[in-house]
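Notes for the one structure printed next.
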Amino acid sequence: MKTYRIATIPGDGIGKEVVPAGRQVLAALAKTSSTFNFEFEDFDWGGDYYRIHNVMMPDNGLELLRNKDAILFGSAGDPDIADHITLWGLRLKICQGFDQYANVRPTRILPGIDAPLKRCKTEDLNWVIVRENSEGEYSGVGGRVHQGHPIEAATDLSMMTRVGVERIMRFAFKLAQSRPRKLLTVITKSNAQRHAMVMWDQIAKEISTEFPDVKWDKELVDASTVRMVNRPASLDVIVATNLHADILSDLAAALAGSMGIAPTGNIDPERRYPSMFEPIHGSAFDIMGKGLANPVGTFWSAVMLLEHIGEPEAAARLMKAIEHVTANPALHTRDLGGTATTVQVTEAVCAYLAAHA
Ligand SMILES: NC(=O)c1ccc[n+]([C@@H]2O[C@H](COP(=O)([O-])OP(=O)(O)OC[C@H]3O[C@@H](n4cnc5c(N)ncnc54)[C@H](O)[C@@H]3O)[C@@H](O)[C@H]2O)c1
């Protein structure tokens with residue numbers, strides 16, 4: 001019997017509702033398995049922790065996570081604390097501390113979901129967005145001087161390195177190669193950003209020679225939003241910078257039906273550190289504490305976690321349970337136009353897993 005050590009970090013807002021739900025579903029899955037089990041450890045880091053300790057997580061936080069097989073994360077974002085403090089103090093500290101440089105975001109229209117594009121068939125939208133997760137616009141390089149004076153100035157430098165771009169391109173090409181269509185779109189903005197993005201394009205071309213069987217093209221980020229809406233079937237794997245992919249993946253989630261469904265893996269492909277799985281949504285201040293959060297994004301993230309730790313059958317079983325539940329409109333949460341609660345959706349997934357062991 002293999003035991004996987006999983007860290008759970010609910011964080012803030014609806015993270016406190018969806019991560020316990022994710023843990024419940026993983027535990028239900030393990031209950032039906034004779035080959036693996038989970039040892040969960042919960043970390044109470046986030047806004048509440050900050051109010052007591054003045055930091056979002058302790059100084060030795062990374063050490064406490066270091067020996068875990070994976071991390072299930074909720075959200076960093078508190079209505080009473082500035083967003084740059086919560087994000088940099090917790091989520092980015094873990095992503096950057098563990099060099100989880102590939103942020104992987106699958107999107108497709110799950111059974112039973114009423115997606116908003118009237119000309120888009122279910123099979124037309126099946127994408128994986130690969131987001132560079134360690135540098136670019138979110139590298140943290142910059143500064144602010146002369147605060148409050150008329151001469152105040154501030155910069156956020158978008159920093160790209162050859163190592164950083166090469167490794168994310170190679171990851172994206174490899175992922176595209178592993179999918180049936182072997183298709184990759186490289187998102188760029190090298191018309192306006194004439195230094196780093198030109199290097200980005202050039203490196204994409206160089207890396208493409210290692211993957212002659214992958215068909216690839218290049219699209220400006222602004223044009224890519226139009227393509228996602230008008231020609232969704234022309235896309236498969238998409239690779240983009242930290243900021244571009246951040247924005248495009250919210251659009252992707254909305255086009256697939258809801259922010260509440262979309263999953264992410266913050267992956268260290270070299271497996272030097274634990275990878276971290278989380279729904280792409282944030283703390284959702286408007287619905288937190290009401291039991292209305294859609295836990296499906298967290299459950300799908302748990303599927304990615306299972307695939308990552310090497311339990312593909314369990315992952316497929318959980319995905320089947322999720323799809324069974326989304327197919328039933330009576331189990332849709334409010335974001336999908338239904339009235340079901342987080343607890344009802346969670347219990348339905350657990351019941352399906354128990355009944356289909
Ligand atoms: N990964 C992260 O830690 C992360 C990601 C995004 C935003 N945030 C933080 O979260 C806070 C709120 O950000 P925001 O409002 O821009 O984005 P958000 O994702 O929290 O919410 C956007 C909208 O989507 C809805 N929504 C999101 N997830 C849902 C779910 N599971 N079920 C039902 N509805 C859902 C919300 O109710 C809201 O109307 C901010 O502090 C932000 O910095 C954190």
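If you're wondering about the labels, chains in the structure tokens are A, B, ... by order shown, residues count from 1 in each chain, ligands from 1 in order shown.
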
Requested in this report: Compile the contact shell of A:Ala245 as a PyMOL selection string: residues with an atom at most 9 Å away, counting only C-alpha atoms, same-chain residues fewer than 3 positions apart removed.
Outcome: chain A and resi 129-132+187+238-242+248-250

Could you give me, as CSV, a per-residue list for stretch 140-241 of chain A showing, wherever an atom lies at most 12 Å from an atom of stretch 79-99 of chain A, the closest pair of atoms and their distance in Å to one decimal, using only C-alpha atoms and sorting by chain then residue number from low to high?
residue,atom,partner,partner_atom,distance
A:Gly140,CA,A:Trp88,CA,8.9
A:Gly164,CA,A:Asp99,CA,10.5
A:Arg167,CA,A:Asp99,CA,11.7
A:Ile168,CA,A:Asp99,CA,11.9

Once you have the residues from the selection above, write them out as a PDB file, in the first residue's frame, restricted to C-alpha atoms.
ATOM      1  CA  GLY A 140       8.875  40.664  -9.235  1.00  0.00           C
ATOM      2  CA  GLY A 164      13.191  30.216 -18.677  1.00  0.00           C
ATOM      3  CA  ARG A 167      12.235  25.191 -20.731  1.00  0.00           C
ATOM      4  CA  ILE A 168       8.623  26.351 -21.032  1.00  0.00           C
TER       5      ILE A 168
END

Query - Test item: residues lying within 6 Å of ligand 1 with only C-alpha atoms and all ligand atoms, as a PyMOL selection string - result: chain A and resi 75-78+83+91+259-260+280-287+293-295+335

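Closest to A:Pro263 among A:Phe211, A:Phe73, A:Trp216, A:Phe38 is A:Phe73, based on only C-alpha atoms.
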
**Report entry** Closest of A:Trp45, A:Tyr50, A:Tyr273, A:Phe36 to A:Ala314 - atom-to-atom distances counting only C-alpha atoms
**Finding:**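 With only C-alpha atoms as the atom set, the closest residue is A:Phe36.
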
Report task. Would you mind reading off the distance between atom CA of A:Leu336 and atom CA of A:Asp114, one decimal, in Å? Result ->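 These two atoms are separated by 7.6 Å.
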
Query raised in the report: Using only C-alpha atoms, which of the listed residues (A:Thr8, A:Thr298, A:Ile309, A:Ile113) sits closest to A:Gly338?
Result: A:Ile113

Report task. Run DSSP on the backbone and grab whatever in stretch 204-299 of chain A lands in alpha helix (DSSP H); send it over as a ChimeraX atom specification. Result -> /A:204-208,221-230,242-255,296-299

What's the 12 Å shell around A:Lys2, counting only C-alpha atoms, without same-chain residues fewer than 5 positions away, as a PDB file with N, CA and C atoms, in the first residue's frame?
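Output (out-v5.pdb):
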ATOM      1  N   ALA A  30      -9.511   7.149  -2.073  1.00  0.00           N
ATOM      2  CA  ALA A  30      -8.536   6.250  -1.433  1.00  0.00           C
ATOM      3  C   ALA A  30      -9.251   5.102  -0.712  1.00  0.00           C
ATOM      4  N   SER A  33      -9.580   2.142  -2.737  1.00  0.00           N
ATOM      5  CA  SER A  33      -8.368   1.612  -3.359  1.00  0.00           C
ATOM      6  C   SER A  33      -7.637   0.661  -2.416  1.00  0.00           C
ATOM      7  N   SER A  34      -7.113  -0.404  -2.982  1.00  0.00           N
ATOM      8  CA  SER A  34      -6.320  -1.318  -2.158  1.00  0.00           C
ATOM      9  C   SER A  34      -4.829  -1.084  -2.379  1.00  0.00           C
ATOM     10  N   THR A  35      -4.495  -0.088  -3.215  1.00  0.00           N
ATOM     11  CA  THR A  35      -3.080   0.115  -3.547  1.00  0.00           C
ATOM     12  C   THR A  35      -2.491   1.429  -3.044  1.00  0.00           C
ATOM     13  N   PHE A  36      -3.361   2.415  -2.767  1.00  0.00           N
ATOM     14  CA  PHE A  36      -2.789   3.667  -2.263  1.00  0.00           C
ATOM     15  C   PHE A  36      -3.680   4.322  -1.219  1.00  0.00           C
ATOM     16  N   ASN A  37      -3.038   5.203  -0.471  1.00  0.00           N
ATOM     17  CA  ASN A  37      -3.716   5.942   0.587  1.00  0.00           C
ATOM     18  C   ASN A  37      -3.134   7.357   0.629  1.00  0.00           C
ATOM     19  N   PHE A  38      -3.782   8.256   1.346  1.00  0.00           N
ATOM     20  CA  PHE A  38      -3.238   9.604   1.504  1.00  0.00           C
ATOM     21  C   PHE A  38      -2.982   9.906   2.967  1.00  0.00           C
ATOM     22  N   GLU A  39      -1.903  10.632   3.193  1.00  0.00           N
ATOM     23  CA  GLU A  39      -1.656  11.178   4.530  1.00  0.00           C
ATOM     24  C   GLU A  39      -1.717  12.697   4.342  1.00  0.00           C
ATOM     25  N   ASP A  69       4.346  14.848  -1.373  1.00  0.00           N
ATOM     26  CA  ASP A  69       4.260  14.363  -2.750  1.00  0.00           C
ATOM     27  C   ASP A  69       3.540  15.369  -3.642  1.00  0.00           C
ATOM     28  N   ILE A 309       1.186  12.339  -9.549  1.00  0.00           N
ATOM     29  CA  ILE A 309       1.865  11.435  -8.610  1.00  0.00           C
ATOM     30  C   ILE A 309       1.930  10.002  -9.141  1.00  0.00           C
ATOM     31  N   GLY A 310       1.304   9.773 -10.299  1.00  0.00           N
ATOM     32  CA  GLY A 310       1.422   8.450 -10.915  1.00  0.00           C
ATOM     33  C   GLY A 310       0.255   7.521 -10.618  1.00  0.00           C
ATOM     34  N   GLU A 311      -0.943   8.079 -10.489  1.00  0.00           N
ATOM     35  CA  GLU A 311      -2.150   7.275 -10.279  1.00  0.00           C
ATOM     36  C   GLU A 311      -3.167   7.579 -11.384  1.00  0.00           C
TER      37      GLU A 311
END

Query raised in the report: Near A:Thr32, within 9 Å and counting only C-alpha atoms, which residues show up once chain neighbours fewer than 6 positions away are dropped, as a list in words?
Result: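 Once the nearby chain positions are removed, what remains is Leu353, Ala354, His356 and Ala357 of chain A.
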
Report task. Using only C-alpha atoms, pick whichever of A:Ser301, A:Asn126, A:Ser258, A:Thr341 has the shortest atom-to-atom distance to A:Gly22. Result ->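 Among A:Ser301, A:Asn126, A:Ser258, A:Thr341, it is A:Ser301 that comes nearest to A:Gly22.
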
Under the rule of at most 10 Å, produce a per-residue listing of stretch 188-263 of chain A near stretch 144-162 of chain A: chain, number, name, the closest pair of atoms, and the distance in Å, as a Markdown table, using only C-alpha atoms.
| residue | atom | partner | partner_atom | distance |
| --- | --- | --- | --- | --- |
| A:His195 | CA | A:Met160 | CA | 9.5 |
| A:Ala196 | CA | A:Met160 | CA | 6.1 |
| A:Met197 | CA | A:Met160 | CA | 8.4 |
| A:Met199 | CA | A:Arg162 | CA | 7.9 |
| A:Trp200 | CA | A:Met160 | CA | 8.1 |
| A:Ile203 | CA | A:Arg162 | CA | 7.7 |
| A:Thr241 | CA | A:Met160 | CA | 9.4 |
| A:Asn242 | CA | A:Ser158 | CA | 9.6 |
| A:Leu243 | CA | A:Ser158 | CA | 9.6 |

Could you take the residues named above and write them with C-alpha atoms, as a PDB file, in the first residue's frame?
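Listing of out.pdb after writing:
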ATOM      1  CA  HIS A 195      13.056  42.780 -26.990  1.00  0.00           C
ATOM      2  CA  ALA A 196      11.993  39.919 -24.736  1.00  0.00           C
ATOM      3  CA  MET A 197       9.043  38.852 -26.880  1.00  0.00           C
ATOM      4  CA  MET A 199      13.558  36.424 -28.059  1.00  0.00           C
ATOM      5  CA  TRP A 200      10.476  34.397 -27.037  1.00  0.00           C
ATOM      6  CA  ILE A 203      13.389  30.455 -29.043  1.00  0.00           C
ATOM      7  CA  THR A 241       3.778  34.287 -20.893  1.00  0.00           C
ATOM      8  CA  ASN A 242       2.816  34.592 -17.247  1.00  0.00           C
ATOM      9  CA  LEU A 243       0.484  37.584 -17.736  1.00  0.00           C
TER      10      LEU A 243
END

Query raised in the report: By how many Å are atom CA of A:Leu184 and atom CA of A:Val226 apart?
Result: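 Interatomic distance here is 17.0 Å.
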
Query raised in the report: Which is closer to A:Asp246 than all the others in A:Ala355, A:Val104, A:Met57, A:Ile71, using only C-alpha atoms?
Result: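 Of the candidates, the smallest distance to A:Asp246 is held by A:Val104.
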
Requested in this report: Compile the contact shell of A:Thr209 as a PyMOL selection string: residues with an atom at most 12 Å away, counting only C-alpha atoms, same-chain residues fewer than 6 positions apart removed.
Outcome: chain A and resi 169-170+173+202-203+215-216

**Report entry** Nearest to A:Trp127 by atom-to-atom distance, counting only C-alpha atoms, from A:Glu17, A:Glu278, A:Asp268, A:Asp236
**Finding:** A:Asp236

Report summary line: Students should find that atom CA of A:Ala27 and atom CA of A:Val325 are spaced 17.8 Å

Report task. Would you please extract all strand (DSSP E) residues from stretch 46-219 of chain A, as assigned by DSSP on the backbone, and give them as an MDAnalysis selection string? Result -> chainID A and resid 70:75 102:108 126:132 136:145 153:159 183:188 215:219

Just-selected residues, C-alpha atoms written as a compact mmCIF listing (two decimals), in the first residue's frame:
# COMPACT_ATOMS: atom_id res chain seq x y z
CA ALA A 70 1.95 17.19 -3.82
CA ILE A 71 0.09 20.26 -2.57
CA LEU A 72 -3.62 21.02 -2.93
CA PHE A 73 -4.11 24.77 -2.74
CA GLY A 74 -7.20 27.01 -2.51
CA SER A 75 -6.71 30.73 -2.96
CA ALA A 102 5.00 25.24 -15.86
CA ASN A 103 1.45 26.24 -15.05
CA VAL A 104 -0.85 23.85 -16.89
CA ARG A 105 -4.50 24.72 -17.45
CA PRO A 106 -6.74 22.25 -19.28
CA THR A 107 -10.08 23.56 -20.51
CA ARG A 108 -12.95 21.71 -22.05
CA ASN A 126 -10.48 21.21 -25.81
CA TRP A 127 -7.42 23.21 -24.91
CA VAL A 128 -4.47 23.11 -22.57
CA ILE A 129 -2.98 26.49 -21.78
CA VAL A 130 0.65 26.36 -20.66
CA ARG A 131 1.51 29.42 -18.65
CA GLU A 132 5.13 30.38 -17.98
CA GLY A 136 8.05 37.36 -17.37
CA GLU A 137 5.69 40.07 -16.21
CA TYR A 138 5.45 38.48 -12.74
CA SER A 139 9.17 38.19 -12.09
CA GLY A 140 8.87 40.66 -9.24
CA VAL A 141 11.62 42.90 -10.60
CA GLY A 142 10.89 46.58 -10.22
CA GLY A 143 10.47 49.26 -7.64
CA ARG A 144 8.64 52.33 -6.45
CA VAL A 145 10.34 55.55 -5.45
CA ALA A 153 7.73 56.56 -10.25
CA ALA A 154 7.13 52.82 -10.35
CA THR A 155 8.25 49.97 -12.58
CA ASP A 156 7.42 46.30 -13.03
CA LEU A 157 10.01 44.84 -15.32
CA SER A 158 9.05 41.89 -17.46
CA MET A 159 12.15 39.76 -17.30
CA LEU A 183 -0.82 21.19 -32.36
CA LEU A 184 0.74 24.15 -30.55
CA THR A 185 0.01 27.87 -30.71
CA VAL A 186 2.67 30.21 -29.36
CA ILE A 187 1.13 33.43 -28.05
CA THR A 188 3.25 36.52 -28.52
CA LYS A 215 2.45 21.56 -36.05
CA TRP A 216 2.77 25.02 -34.56
CA ASP A 217 1.84 28.59 -35.25
CA LYS A 218 2.21 32.01 -33.68
CA GLU A 219 -0.57 34.40 -32.68
